[in-house]
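Here is the file start.cif (mmCIF, C-alpha atoms and all ligand atoms).
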```cif
data_start
#
loop_
_atom_site.group_PDB
_atom_site.id
_atom_site.type_symbol
_atom_site.label_atom_id
_atom_site.label_comp_id
_atom_site.auth_asym_id
_atom_site.auth_seq_id
_atom_site.Cartn_x
_atom_site.Cartn_y
_atom_site.Cartn_z
ATOM 1 C CA MET A 1314 58.459 249.198 287.804
ATOM 2 C CA GLU A 1315 57.934 251.338 284.672
ATOM 3 C CA VAL A 1316 59.610 254.693 284.893
ATOM 4 C CA PHE A 1317 58.180 257.790 283.196
ATOM 5 C CA SER A 1318 61.042 260.164 282.503
ATOM 6 C CA PRO A 1319 60.872 261.553 278.962
ATOM 7 C CA ILE A 1320 63.548 263.690 277.344
ATOM 8 C CA GLN A 1321 62.298 267.074 276.294
ATOM 9 C CA GLN A 1322 64.025 269.610 274.095
ATOM 10 C CA VAL A 1323 63.675 273.194 275.309
ATOM 11 C CA THR A 1324 64.855 276.603 274.216
ATOM 12 C CA LEU A 1325 66.361 278.622 277.039
ATOM 13 C CA PRO A 1326 65.557 282.335 277.401
ATOM 14 C CA THR A 1327 69.039 282.912 275.885
ATOM 15 C CA GLN A 1328 67.946 281.039 272.718
ATOM 16 C CA HIS A 1329 70.203 278.066 273.447
ATOM 17 C CA GLN A 1330 68.678 274.645 272.894
ATOM 18 C CA ILE A 1331 69.144 271.947 275.502
ATOM 19 C CA TRP A 1332 67.546 268.641 276.340
ATOM 20 C CA VAL A 1333 66.075 267.938 279.765
ATOM 21 C CA LYS A 1334 65.733 264.447 281.252
ATOM 22 C CA ARG A 1335 62.476 264.823 283.157
ATOM 23 C CA ASP A 1336 63.102 262.699 286.228
ATOM 24 C CA ASP A 1337 60.927 265.262 288.035
ATOM 25 C CA LEU A 1338 57.949 263.644 286.293
ATOM 26 C CA ILE A 1339 58.613 260.160 287.696
ATOM 27 C CA ASP A 1340 56.510 260.886 290.775
ATOM 28 C CA PRO A 1341 55.449 264.080 292.567
ATOM 29 C CA TYR A 1342 56.549 262.847 296.011
ATOM 30 C CA ILE A 1343 59.172 260.175 295.330
ATOM 31 C CA SER A 1344 60.788 262.716 293.137
ATOM 32 C CA GLY A 1345 63.631 262.628 290.648
ATOM 33 C CA ASN A 1346 66.906 261.250 291.876
ATOM 34 C CA LYS A 1347 65.328 260.279 295.199
ATOM 35 C CA TRP A 1348 63.225 257.715 293.303
ATOM 36 C CA ARG A 1349 66.374 256.443 291.561
ATOM 37 C CA LYS A 1350 68.254 256.228 294.841
ATOM 38 C CA LEU A 1351 65.476 254.451 296.706
ATOM 39 C CA LYS A 1352 64.720 251.897 293.985
ATOM 40 C CA TYR A 1353 67.249 249.217 295.013
ATOM 41 C CA ILE A 1354 67.250 250.237 298.668
ATOM 42 C CA LEU A 1355 63.523 249.450 298.806
ATOM 43 C CA ALA A 1356 63.965 246.245 296.854
ATOM 44 C CA THR A 1357 66.563 245.043 299.381
ATOM 45 C CA ALA A 1358 64.466 246.075 302.374
ATOM 46 C CA ILE A 1359 61.482 244.174 301.019
ATOM 47 C CA GLN A 1360 63.574 241.147 300.018
ATOM 48 C CA THR A 1361 65.082 240.891 303.474
ATOM 49 C CA LYS A 1362 61.608 241.168 304.998
ATOM 50 C CA ARG A 1363 62.128 244.488 306.749
ATOM 51 C CA THR A 1364 58.913 246.334 307.423
ATOM 52 C CA HIS A 1365 60.190 249.547 308.986
ATOM 53 C CA LEU A 1366 62.366 252.116 307.217
ATOM 54 C CA VAL A 1367 64.533 254.350 309.381
ATOM 55 C CA THR A 1368 66.195 257.361 307.818
ATOM 56 C CA PHE A 1369 67.681 260.812 308.439
ATOM 57 C CA GLY A 1370 67.448 264.333 307.088
ATOM 58 C CA GLY A 1371 67.006 268.043 307.594
ATOM 59 C CA ALA A 1372 63.567 269.600 308.033
ATOM 60 C CA TYR A 1373 63.341 270.475 304.298
ATOM 61 C CA SER A 1374 64.673 267.194 302.988
ATOM 62 C CA ASN A 1375 63.297 265.879 299.682
ATOM 63 C CA HIS A 1376 64.618 262.493 300.762
ATOM 64 C CA LEU A 1377 62.364 262.379 303.828
ATOM 65 C CA VAL A 1378 59.221 263.044 301.799
ATOM 66 C CA ALA A 1379 60.323 260.487 299.202
ATOM 67 C CA THR A 1380 60.995 257.837 301.842
ATOM 68 C CA ALA A 1381 57.693 258.555 303.595
ATOM 69 C CA ALA A 1382 55.737 258.216 300.339
ATOM 70 C CA ALA A 1383 57.657 255.117 299.238
ATOM 71 C CA ALA A 1384 57.050 253.451 302.596
ATOM 72 C CA ALA A 1385 53.318 254.119 302.366
ATOM 73 C CA ARG A 1386 53.129 252.777 298.790
ATOM 74 C CA HIS A 1387 54.847 249.559 299.843
ATOM 75 C CA HIS A 1388 52.872 249.071 303.075
ATOM 76 C CA LEU A 1389 55.953 249.686 305.208
ATOM 77 C CA THR A 1390 56.229 251.943 308.229
ATOM 78 C CA ALA A 1391 58.861 254.657 308.531
ATOM 79 C CA THR A 1392 60.666 256.758 311.102
ATOM 80 C CA ALA A 1393 62.842 259.782 310.360
ATOM 81 C CA PHE A 1394 65.382 261.388 312.636
ATOM 82 C CA VAL A 1395 65.110 265.064 311.783
ATOM 83 C CA ARG A 1396 68.104 267.297 312.418
ATOM 84 C CA GLY A 1397 67.596 270.237 314.773
ATOM 85 C CA GLU A 1398 64.807 271.699 316.838
ATOM 86 C CA GLU A 1399 61.211 270.644 316.431
ATOM 87 C CA VAL A 1400 59.578 272.620 313.600
ATOM 88 C CA GLU A 1401 56.585 272.292 311.305
ATOM 89 C CA ASN A 1402 56.677 272.990 307.588
ATOM 90 C CA GLU A 1403 55.156 271.868 304.274
ATOM 91 C CA MET A 1404 57.652 269.030 303.783
ATOM 92 C CA LEU A 1405 57.182 267.577 307.254
ATOM 93 C CA LEU A 1406 53.415 267.872 306.830
ATOM 94 C CA LEU A 1407 53.684 265.564 303.810
ATOM 95 C CA CYS A 1408 55.886 263.159 305.762
ATOM 96 C CA ARG A 1409 53.292 262.993 308.525
ATOM 97 C CA LEU A 1410 50.436 262.492 306.045
ATOM 98 C CA PHE A 1411 52.290 259.528 304.569
ATOM 99 C CA GLY A 1412 52.439 258.129 308.085
ATOM 100 C CA MET A 1413 56.094 258.749 308.856
ATOM 101 C CA GLU A 1414 57.040 259.123 312.505
ATOM 102 C CA LEU A 1415 59.294 262.148 313.080
ATOM 103 C CA ARG A 1416 61.878 262.321 315.860
ATOM 104 C CA PHE A 1417 63.740 265.596 316.226
ATOM 105 C CA VAL A 1418 67.315 265.265 317.445
ATOM 106 C CA ASP A 1419 69.932 267.903 318.199
ATOM 107 C CA ARG A 1420 72.845 268.302 315.853
ATOM 108 C CA ASP A 1421 75.331 266.464 318.057
ATOM 109 C CA CYS A 1422 73.222 263.318 318.337
ATOM 110 C CA TYR A 1423 72.315 263.543 314.669
ATOM 111 C CA ARG A 1424 75.935 263.296 313.577
ATOM 112 C CA ASP A 1425 76.275 259.630 314.552
ATOM 113 C CA LYS A 1426 73.452 258.096 312.556
ATOM 114 C CA ARG A 1427 74.508 254.492 312.998
ATOM 115 C CA SER A 1428 74.504 254.787 316.768
ATOM 116 C CA LEU A 1429 71.118 256.567 316.741
ATOM 117 C CA PHE A 1430 69.811 253.653 314.722
ATOM 118 C CA SER A 1431 71.245 250.942 316.962
ATOM 119 C CA LYS A 1432 70.184 252.742 320.125
ATOM 120 C CA HIS A 1433 66.545 253.043 319.064
ATOM 121 C CA PHE A 1434 66.066 250.213 316.582
ATOM 122 C CA GLY A 1435 69.056 247.928 317.072
ATOM 123 C CA ASP A 1436 67.010 245.066 318.450
ATOM 124 C CA HIS A 1437 64.144 245.458 315.972
ATOM 125 C CA GLY A 1438 64.917 242.856 313.308
ATOM 126 C CA SER A 1439 62.331 244.525 311.107
ATOM 127 C CA ALA A 1440 64.075 247.925 310.922
ATOM 128 C CA TYR A 1441 66.116 248.969 307.891
ATOM 129 C CA PHE A 1442 68.771 251.712 308.001
ATOM 130 C CA ILE A 1443 68.734 254.220 305.133
ATOM 131 C CA ASP A 1444 71.442 256.883 305.236
ATOM 132 C CA GLU A 1445 70.743 260.608 304.818
ATOM 133 C CA GLY A 1446 69.724 261.389 301.240
ATOM 134 C CA GLY A 1447 69.725 257.650 300.533
ATOM 135 C CA ALA A 1448 73.496 257.784 299.974
ATOM 136 C CA SER A 1449 74.680 254.214 299.309
ATOM 137 C CA GLU A 1450 76.097 251.831 296.748
ATOM 138 C CA GLN A 1451 72.529 250.810 295.895
ATOM 139 C CA ALA A 1452 71.664 254.442 295.213
ATOM 140 C CA VAL A 1453 74.591 254.666 292.797
ATOM 141 C CA GLU A 1454 73.292 251.576 290.974
ATOM 142 C CA GLY A 1455 69.832 253.137 290.734
ATOM 143 C CA CYS A 1456 71.186 256.388 289.281
ATOM 144 C CA ARG A 1457 73.164 254.558 286.562
ATOM 145 C CA GLU A 1458 69.878 253.771 284.872
ATOM 146 C CA ILE A 1459 69.351 257.429 283.981
ATOM 147 C CA ILE A 1460 72.169 256.995 281.449
ATOM 148 C CA THR A 1461 70.926 253.639 280.138
ATOM 149 C CA GLU A 1462 67.624 255.325 279.234
ATOM 150 C CA LEU A 1463 69.228 257.953 276.961
ATOM 151 C CA PRO A 1464 68.158 257.528 273.306
ATOM 152 C CA MET A 1465 71.047 259.483 271.738
ATOM 153 C CA HIS A 1466 74.548 260.800 272.367
ATOM 154 C CA PHE A 1467 75.077 263.954 274.400
ATOM 155 C CA ASP A 1468 78.370 265.845 274.449
ATOM 156 C CA HIS A 1469 77.640 267.271 277.888
ATOM 157 C CA ILE A 1470 75.488 265.927 280.708
ATOM 158 C CA PHE A 1471 74.733 268.174 283.698
ATOM 159 C CA CYS A 1472 73.521 267.385 287.192
ATOM 160 C CA ALA A 1473 73.289 269.196 290.524
ATOM 161 C CA ALA A 1474 74.998 267.575 293.512
ATOM 162 C CA GLY A 1475 74.601 267.432 297.269
ATOM 163 C CA THR A 1476 76.401 264.288 298.335
ATOM 164 C CA GLY A 1477 77.547 263.391 294.797
ATOM 165 C CA THR A 1478 75.889 259.964 294.899
ATOM 166 C CA THR A 1479 73.761 260.684 291.848
ATOM 167 C CA ALA A 1480 76.781 262.004 289.953
ATOM 168 C CA ALA A 1481 78.707 258.825 290.848
ATOM 169 C CA GLY A 1482 75.948 256.689 289.329
ATOM 170 C CA LEU A 1483 75.879 258.717 286.132
ATOM 171 C CA LEU A 1484 79.656 258.551 285.854
ATOM 172 C CA ARG A 1485 79.727 254.798 286.450
ATOM 173 C CA GLU A 1486 77.395 254.155 283.540
ATOM 174 C CA ILE A 1487 79.136 256.694 281.288
ATOM 175 C CA ASN A 1488 82.359 254.755 281.934
ATOM 176 C CA ALA A 1489 80.715 251.344 281.543
ATOM 177 C CA GLN A 1490 79.396 252.331 278.117
ATOM 178 C CA LYS A 1491 82.680 254.124 277.251
ATOM 179 C CA LEU A 1492 80.692 257.229 276.323
ATOM 180 C CA GLN A 1493 82.583 260.369 275.310
ATOM 181 C CA SER A 1494 80.046 262.502 277.195
ATOM 182 C CA LYS A 1495 81.453 264.901 279.766
ATOM 183 C CA LEU A 1496 79.651 264.807 283.112
ATOM 184 C CA HIS A 1497 79.349 268.329 284.522
ATOM 185 C CA VAL A 1498 78.551 268.371 288.225
ATOM 186 C CA ILE A 1499 77.295 271.482 290.029
ATOM 187 C CA PRO A 1500 77.656 271.164 293.809
ATOM 188 C CA VAL A 1501 75.082 273.316 295.581
ATOM 189 C CA LEU A 1502 77.222 273.617 298.700
ATOM 190 C CA LYS A 1503 79.972 276.171 299.156
ATOM 191 C CA GLY A 1504 83.537 274.862 299.168
ATOM 192 C CA ALA A 1505 82.496 271.473 297.846
ATOM 193 C CA ALA A 1506 85.823 270.367 296.365
ATOM 194 C CA PHE A 1507 85.520 267.331 298.679
ATOM 195 C CA ILE A 1508 82.844 265.995 296.373
ATOM 196 C CA GLU A 1509 85.462 264.768 293.894
ATOM 197 C CA LYS A 1510 86.670 262.278 296.532
ATOM 198 C CA GLU A 1511 83.103 261.269 297.376
ATOM 199 C CA ILE A 1512 82.420 260.509 293.727
ATOM 200 C CA ALA A 1513 85.748 258.713 293.274
ATOM 201 C CA ALA A 1514 84.970 256.499 296.275
ATOM 202 C CA TYR A 1515 82.134 255.003 294.196
ATOM 203 C CA GLU A 1516 83.705 255.313 290.756
ATOM 204 C CA LYS A 1517 87.482 255.491 290.457
ATOM 205 C CA ASN A 1518 87.759 256.696 286.898
ATOM 206 C CA ILE A 1519 86.848 260.389 286.935
ATOM 207 C CA ASP A 1520 88.286 261.316 283.516
ATOM 208 C CA GLN A 1521 84.874 262.375 282.202
ATOM 209 C CA LEU A 1522 84.012 264.405 285.312
ATOM 210 C CA VAL A 1523 84.006 268.212 285.227
ATOM 211 C CA LEU A 1524 83.311 269.885 288.579
ATOM 212 C CA HIS A 1525 81.963 273.435 288.699
ATOM 213 C CA LEU A 1526 82.496 274.828 292.178
ATOM 214 C CA ASP A 1527 81.350 278.398 291.571
ATOM 215 C CA TYR A 1528 77.585 278.076 291.157
ATOM 216 C CA HIS A 1529 76.584 277.576 294.808
ATOM 217 C CA PHE A 1530 75.190 281.146 295.178
ATOM 218 C CA GLY A 1531 76.535 281.431 298.724
ATOM 219 C CA GLY A 1532 75.874 277.876 299.873
ATOM 220 C CA TYR A 1533 73.211 275.280 300.510
ATOM 221 C CA ALA A 1534 69.692 276.693 300.005
ATOM 222 C CA LYS A 1535 71.150 280.195 299.545
ATOM 223 C CA THR A 1536 69.855 282.315 296.679
ATOM 224 C CA ASN A 1537 70.202 285.863 295.404
ATOM 225 C CA PRO A 1538 67.895 288.098 293.346
ATOM 226 C CA GLU A 1539 69.693 287.069 290.143
ATOM 227 C CA LEU A 1540 68.967 283.372 290.727
ATOM 228 C CA ILE A 1541 65.341 284.062 291.661
ATOM 229 C CA SER A 1542 64.833 286.156 288.553
ATOM 230 C CA TYR A 1543 66.555 283.447 286.471
ATOM 231 C CA ILE A 1544 64.127 280.848 287.844
ATOM 232 C CA LYS A 1545 61.133 283.001 286.898
ATOM 233 C CA GLY A 1546 62.470 283.566 283.384
ATOM 234 C CA PHE A 1547 63.367 279.900 282.857
ATOM 235 C CA THR A 1548 60.019 278.609 284.061
ATOM 236 C CA ALA A 1549 58.025 281.151 282.057
ATOM 237 C CA ALA A 1550 60.016 280.355 278.900
ATOM 238 C CA THR A 1551 59.996 276.542 279.172
ATOM 239 C CA GLY A 1552 56.995 275.582 281.285
ATOM 240 C CA ILE A 1553 59.339 273.504 283.437
ATOM 241 C CA LEU A 1554 59.596 274.242 287.154
ATOM 242 C CA ILE A 1555 63.044 274.248 288.740
ATOM 243 C CA ASP A 1556 63.891 274.579 292.424
ATOM 244 C CA PRO A 1557 66.232 277.155 293.986
ATOM 245 C CA VAL A 1558 68.231 274.601 296.006
ATOM 246 C CA TYR A 1559 69.386 272.242 293.245
ATOM 247 C CA THR A 1560 68.143 272.352 289.672
ATOM 248 C CA ALA A 1561 68.114 276.144 289.265
ATOM 249 C CA LYS A 1562 71.817 276.300 290.101
ATOM 250 C CA MET A 1563 72.509 273.635 287.463
ATOM 251 C CA CYS A 1564 70.437 275.432 284.809
ATOM 252 C CA TYR A 1565 72.075 278.744 285.633
ATOM 253 C CA ALA A 1566 75.490 277.112 285.200
ATOM 254 C CA ILE A 1567 74.499 275.848 281.735
ATOM 255 C CA LYS A 1568 73.353 279.320 280.701
ATOM 256 C CA ASP A 1569 76.551 280.874 282.042
ATOM 257 C CA LEU A 1570 78.828 278.342 280.299
ATOM 258 C CA PHE A 1571 77.057 279.012 276.980
ATOM 259 C CA GLU A 1572 77.514 282.750 277.485
ATOM 260 C CA LYS A 1573 81.209 282.289 278.259
ATOM 261 C CA GLY A 1574 81.644 280.191 275.111
ATOM 262 C CA LEU A 1575 82.650 277.108 277.114
ATOM 263 C CA LEU A 1576 79.607 275.299 275.675
ATOM 264 C CA LYS A 1577 79.094 275.607 271.926
ATOM 265 C CA LYS A 1578 75.799 276.019 270.088
ATOM 266 C CA GLU A 1579 76.341 272.874 267.994
ATOM 267 C CA GLU A 1580 77.071 270.667 271.042
ATOM 268 C CA LYS A 1581 74.336 268.528 272.528
ATOM 269 C CA VAL A 1582 73.675 269.389 276.159
ATOM 270 C CA LEU A 1583 71.497 267.369 278.523
ATOM 271 C CA ALA A 1584 70.322 268.599 281.927
ATOM 272 C CA ILE A 1585 69.151 265.954 284.378
ATOM 273 C CA HIS A 1586 66.104 267.329 286.182
ATOM 274 C CA THR A 1587 66.529 265.669 289.570
ATOM 275 C CA GLY A 1588 63.138 266.843 290.856
ATOM 276 C CA GLY A 1589 62.878 268.406 294.298
ATOM 277 C CA LEU A 1590 60.076 270.800 293.407
ATOM 278 C CA LEU A 1591 58.180 270.508 296.696
ATOM 279 C CA GLY A 1592 60.894 272.658 298.248
ATOM 280 C CA LEU A 1593 59.356 275.572 296.355
ATOM 281 C CA LEU A 1594 56.377 275.430 298.693
ATOM 282 C CA GLY A 1595 58.394 276.806 301.590
ATOM 283 C CA MET A 1596 59.764 279.694 299.549
ATOM 284 C CA ARG A 1597 56.796 281.961 298.915
ATOM 285 C CA GLU A 1598 58.552 285.048 300.285
ATOM 286 C CA LYS A 1599 61.548 284.655 297.985
ATOM 287 C CA PHE A 1600 59.313 284.874 294.925
ATOM 288 C CA ALA A 1601 56.896 287.528 296.132
ATOM 289 C CA GLY A 1602 56.601 290.738 294.134
ATOM 290 C CA GLY A 1603 59.139 292.047 291.637
ATOM 291 C CA LYS A 1604 59.217 291.605 287.889
ATOM 292 C CA ALA A 1605 59.913 288.400 286.019
HETATM 293 C C1 LIG A 1701 68.859 265.347 296.817
HETATM 294 C C2 LIG A 1701 68.887 266.107 295.534
HETATM 295 C C3 LIG A 1701 70.073 266.270 294.781
HETATM 296 C C4 LIG A 1701 71.425 265.819 295.289
HETATM 297 O O1 LIG A 1701 71.680 264.473 295.035
HETATM 298 P P1 LIG A 1701 73.041 263.800 295.531
HETATM 299 O O2 LIG A 1701 72.939 262.410 295.061
HETATM 300 O O3 LIG A 1701 73.048 263.893 297.035
HETATM 301 O O4 LIG A 1701 74.176 264.559 294.962
HETATM 302 C C5 LIG A 1701 69.996 266.919 293.554
HETATM 303 N N1 LIG A 1701 68.813 267.422 293.113
HETATM 304 C C6 LIG A 1701 67.678 267.308 293.815
HETATM 305 C C7 LIG A 1701 66.438 267.927 293.282
HETATM 306 C C8 LIG A 1701 67.668 266.649 295.048
HETATM 307 O O5 LIG A 1701 66.521 266.562 295.743
#
```
Rewrite the structure from the file as structure tokens, please.
Amino acid sequence: MEVFSPIQQVTLPTQHQIWVKRDDLIDPYISGNKWRKLKYILATAIQTKRTHLVTFGGAYSNHLVATAAAAARHHLTATAFVRGEEVENEMLLLCRLFGMELRFVDRDCYRDKRSLFSKHFGDHGSAYFIDEGGASEQAVEGCREIITELPMHFDHIFCAAGTGTTAAGLLREINAQKLQSKLHVIPVLKGAAFIEKEIAAYEKNIDQLVLHLDYHFGGYAKTNPELISYIKGFTAATGILIDPVYTAKMCYAIKDLFEKGLLKKEEKVLAIHTGGLLGLLGMREKFAGGKA
């Protein structure tokens, strides 16, 4: 499958120049790193003649929408176990439109995904287990390809992280090519030091990894007025949308590291736009009113 993910040079509102790898343009629904992560998972499912994808996520999960859309495109059916009480929102609407069956499960049941799968689909030979967020060795292999597509050297490569699977893929290919690029990872969860171990479980050599633990803005999906105003300024100045949960925290980190002198004007900086823009749809109130 051809992938459309150009590299675009942009000038930040602070006058710093960076490059952006536009994985958000790959597909509006199978977006960004979720497309990368699903690529080999889907290939395996299809190869092994599975016709039903079973996966897991929260009610605002980009992964659920991506899996729902991917299933529909490949004439597969899909079920998602959704964490927590039954709700309706923009993301789940898209899942339903793509034909995904949604089963809401309480947090206790949700924790043991493998047993949920075997209980409900264990004797369906056609069902294929996909972990939350697509986290898997195959996802790591898919994310490596972001690095193989780069046309030039970058001193610093940035990505946002939830599980760290995407970061592990980037790091694996940086190591395989013996690149001198530093991989800067911005976890969007609070207290995410654990992510170093998660990454190392996929890719032992973490010499090129730089973790930034202080750009979570209070935790997963948390924002503050400064981040919201940064998003407005960034988008107005570049024409590129970023989302409050992941990519905005990464872009803010880049801006902050330039301002602190930890990134230098003459260094080449690449931000990986991992997509996730549909999440903006549920956030009208956050952006209402105020000045840019
Ligand atoms: C899911 C997601 C991430 C996190 O990816 P991990 O591989 O879990 O670290 C980053 N950015 C966006 C936009 C996402 O949707």
For this session: Please identify every polymer residue within 9 Å of ligand LIG 1701 (chain A), using all atoms listed in the file, and present the set as number ranges by chain.
Result: A: 1337, 1344-1347, 1350, 1374-1376, 1445-1448, 1452-1453, 1456, 1472-1482, 1498, 1500-1501, 1508, 1555-1556, 1558-1560, 1585-1590, 1592
Go ahead and save the picked residues with C-alpha atoms, as a PDB file, keeping the file's coordinate frame.
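Result written to again04.pdb:
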```
ATOM      1  CA  ASP A1337      60.927 265.262 288.035  1.00  0.00           C
ATOM      2  CA  SER A1344      60.788 262.716 293.137  1.00  0.00           C
ATOM      3  CA  GLY A1345      63.631 262.628 290.648  1.00  0.00           C
ATOM      4  CA  ASN A1346      66.906 261.250 291.876  1.00  0.00           C
ATOM      5  CA  LYS A1347      65.328 260.279 295.199  1.00  0.00           C
ATOM      6  CA  LYS A1350      68.254 256.228 294.841  1.00  0.00           C
ATOM      7  CA  SER A1374      64.673 267.194 302.988  1.00  0.00           C
ATOM      8  CA  ASN A1375      63.297 265.879 299.682  1.00  0.00           C
ATOM      9  CA  HIS A1376      64.618 262.493 300.762  1.00  0.00           C
ATOM     10  CA  GLU A1445      70.743 260.608 304.818  1.00  0.00           C
ATOM     11  CA  GLY A1446      69.724 261.389 301.240  1.00  0.00           C
ATOM     12  CA  GLY A1447      69.725 257.650 300.533  1.00  0.00           C
ATOM     13  CA  ALA A1448      73.496 257.784 299.974  1.00  0.00           C
ATOM     14  CA  ALA A1452      71.664 254.442 295.213  1.00  0.00           C
ATOM     15  CA  VAL A1453      74.591 254.666 292.797  1.00  0.00           C
ATOM     16  CA  CYS A1456      71.186 256.388 289.281  1.00  0.00           C
ATOM     17  CA  CYS A1472      73.521 267.385 287.192  1.00  0.00           C
ATOM     18  CA  ALA A1473      73.289 269.196 290.524  1.00  0.00           C
ATOM     19  CA  ALA A1474      74.998 267.575 293.512  1.00  0.00           C
ATOM     20  CA  GLY A1475      74.601 267.432 297.269  1.00  0.00           C
ATOM     21  CA  THR A1476      76.401 264.288 298.335  1.00  0.00           C
ATOM     22  CA  GLY A1477      77.547 263.391 294.797  1.00  0.00           C
ATOM     23  CA  THR A1478      75.889 259.964 294.899  1.00  0.00           C
ATOM     24  CA  THR A1479      73.761 260.684 291.848  1.00  0.00           C
ATOM     25  CA  ALA A1480      76.781 262.004 289.953  1.00  0.00           C
ATOM     26  CA  ALA A1481      78.707 258.825 290.848  1.00  0.00           C
ATOM     27  CA  GLY A1482      75.948 256.689 289.329  1.00  0.00           C
ATOM     28  CA  VAL A1498      78.551 268.371 288.225  1.00  0.00           C
ATOM     29  CA  PRO A1500      77.656 271.164 293.809  1.00  0.00           C
ATOM     30  CA  VAL A1501      75.082 273.316 295.581  1.00  0.00           C
ATOM     31  CA  ILE A1508      82.844 265.995 296.373  1.00  0.00           C
ATOM     32  CA  ILE A1555      63.044 274.248 288.740  1.00  0.00           C
ATOM     33  CA  ASP A1556      63.891 274.579 292.424  1.00  0.00           C
ATOM     34  CA  VAL A1558      68.231 274.601 296.006  1.00  0.00           C
ATOM     35  CA  TYR A1559      69.386 272.242 293.245  1.00  0.00           C
ATOM     36  CA  THR A1560      68.143 272.352 289.672  1.00  0.00           C
ATOM     37  CA  ILE A1585      69.151 265.954 284.378  1.00  0.00           C
ATOM     38  CA  HIS A1586      66.104 267.329 286.182  1.00  0.00           C
ATOM     39  CA  THR A1587      66.529 265.669 289.570  1.00  0.00           C
ATOM     40  CA  GLY A1588      63.138 266.843 290.856  1.00  0.00           C
ATOM     41  CA  GLY A1589      62.878 268.406 294.298  1.00  0.00           C
ATOM     42  CA  LEU A1590      60.076 270.800 293.407  1.00  0.00           C
ATOM     43  CA  GLY A1592      60.894 272.658 298.248  1.00  0.00           C
TER      44      GLY A1592
END
```
Problem set entry | Selected residue, from A:Ile1459, A:His1437, A:Lys1517, A:Glu1403, that lies nearest to Arg1597 (chain A) when counting only C-alpha atoms | A:Glu1403
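Every residue that the PyMOL selection byres (((chain A and resi 1523-1530) around 6) and not hetatm) selects in this file is listed here: Leu1496, His1497, Val1498, Ile1499, Val1501, Leu1502, Lys1503, Leu1522, Gly1531, Gly1532 and Thr1536 of chain A.
Relative to CA of Gln1321 (chain A), CA of Val1333 (chain A) is found at 5.2 Å.
The space separating CA of Glu1509 (chain A) from CA of Leu1576 (chain A) comes to 21.8 Å.
CA of Phe1317 (chain A) is positioned 5.1 Å from CA of Ile1339 (chain A).
Distances here use only C-alpha atoms; by that measure, the residue among A:Ile1354, A:Val1316, A:Leu1463, A:Leu1575 closest to Gln1490 (chain A) is A:Leu1463.
Of the residues listed (A:Lys1426, A:Lys1432, A:Arg1457, A:Lys1568), A:Lys1568 shows the shortest atom-to-atom separation from Val1582 (chain A); distances use only C-alpha atoms.
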Leu1410 (chain A): which residues within 9 Å, counting all atoms listed in the file, same-chain residues fewer than 3 positions away excluded, as a CSV table (one decimal) with C-alpha atoms, in the frame of the given file?
```
chain,number,residue,atom,x,y,z
A,1381,ALA,CA,57.7,258.6,303.6
A,1382,ALA,CA,55.7,258.2,300.3
A,1405,LEU,CA,57.2,267.6,307.3
A,1406,LEU,CA,53.4,267.9,306.8
A,1407,LEU,CA,53.7,265.6,303.8
A,1413,MET,CA,56.1,258.7,308.9
```
Exercise. Hey, what's within 8 Å of Glu1486 (chain A) if we count all atoms listed in the file and toss same-chain stuff fewer than 6 positions away? As a ChimeraX atom specification, please?
Worked result: /A:1457-1458,1460-1461
For this session: Would you list the contacts of Leu1492 (chain A) as a PyMOL selection string, taking every protein, DNA or RNA residue within 9 Å and counting only C-alpha atoms, but skipping same-chain residues closer than 6 positions in sequence?
Result: chain A and resi 1466-1467+1486+1521
Could you tell me which residues the PyMOL selection byres (((chain A and resi 1430) around 12) and not hetatm) grabs in this file, written as a PDB file with C-alpha atoms, in the frame of the given file?
```
ATOM      1  CA  HIS A1365      60.190 249.547 308.986  1.00  0.00           C
ATOM      2  CA  LEU A1366      62.366 252.116 307.217  1.00  0.00           C
ATOM      3  CA  VAL A1367      64.533 254.350 309.381  1.00  0.00           C
ATOM      4  CA  THR A1368      66.195 257.361 307.818  1.00  0.00           C
ATOM      5  CA  PHE A1369      67.681 260.812 308.439  1.00  0.00           C
ATOM      6  CA  THR A1392      60.666 256.758 311.102  1.00  0.00           C
ATOM      7  CA  ALA A1393      62.842 259.782 310.360  1.00  0.00           C
ATOM      8  CA  PHE A1394      65.382 261.388 312.636  1.00  0.00           C
ATOM      9  CA  ARG A1416      61.878 262.321 315.860  1.00  0.00           C
ATOM     10  CA  CYS A1422      73.222 263.318 318.337  1.00  0.00           C
ATOM     11  CA  TYR A1423      72.315 263.543 314.669  1.00  0.00           C
ATOM     12  CA  ARG A1424      75.935 263.296 313.577  1.00  0.00           C
ATOM     13  CA  ASP A1425      76.275 259.630 314.552  1.00  0.00           C
ATOM     14  CA  LYS A1426      73.452 258.096 312.556  1.00  0.00           C
ATOM     15  CA  ARG A1427      74.508 254.492 312.998  1.00  0.00           C
ATOM     16  CA  SER A1428      74.504 254.787 316.768  1.00  0.00           C
ATOM     17  CA  LEU A1429      71.118 256.567 316.741  1.00  0.00           C
ATOM     18  CA  SER A1431      71.245 250.942 316.962  1.00  0.00           C
ATOM     19  CA  LYS A1432      70.184 252.742 320.125  1.00  0.00           C
ATOM     20  CA  HIS A1433      66.545 253.043 319.064  1.00  0.00           C
ATOM     21  CA  PHE A1434      66.066 250.213 316.582  1.00  0.00           C
ATOM     22  CA  GLY A1435      69.056 247.928 317.072  1.00  0.00           C
ATOM     23  CA  ASP A1436      67.010 245.066 318.450  1.00  0.00           C
ATOM     24  CA  HIS A1437      64.144 245.458 315.972  1.00  0.00           C
ATOM     25  CA  GLY A1438      64.917 242.856 313.308  1.00  0.00           C
ATOM     26  CA  ALA A1440      64.075 247.925 310.922  1.00  0.00           C
ATOM     27  CA  TYR A1441      66.116 248.969 307.891  1.00  0.00           C
ATOM     28  CA  PHE A1442      68.771 251.712 308.001  1.00  0.00           C
ATOM     29  CA  ILE A1443      68.734 254.220 305.133  1.00  0.00           C
ATOM     30  CA  ASP A1444      71.442 256.883 305.236  1.00  0.00           C
TER      31      ASP A1444
END
```
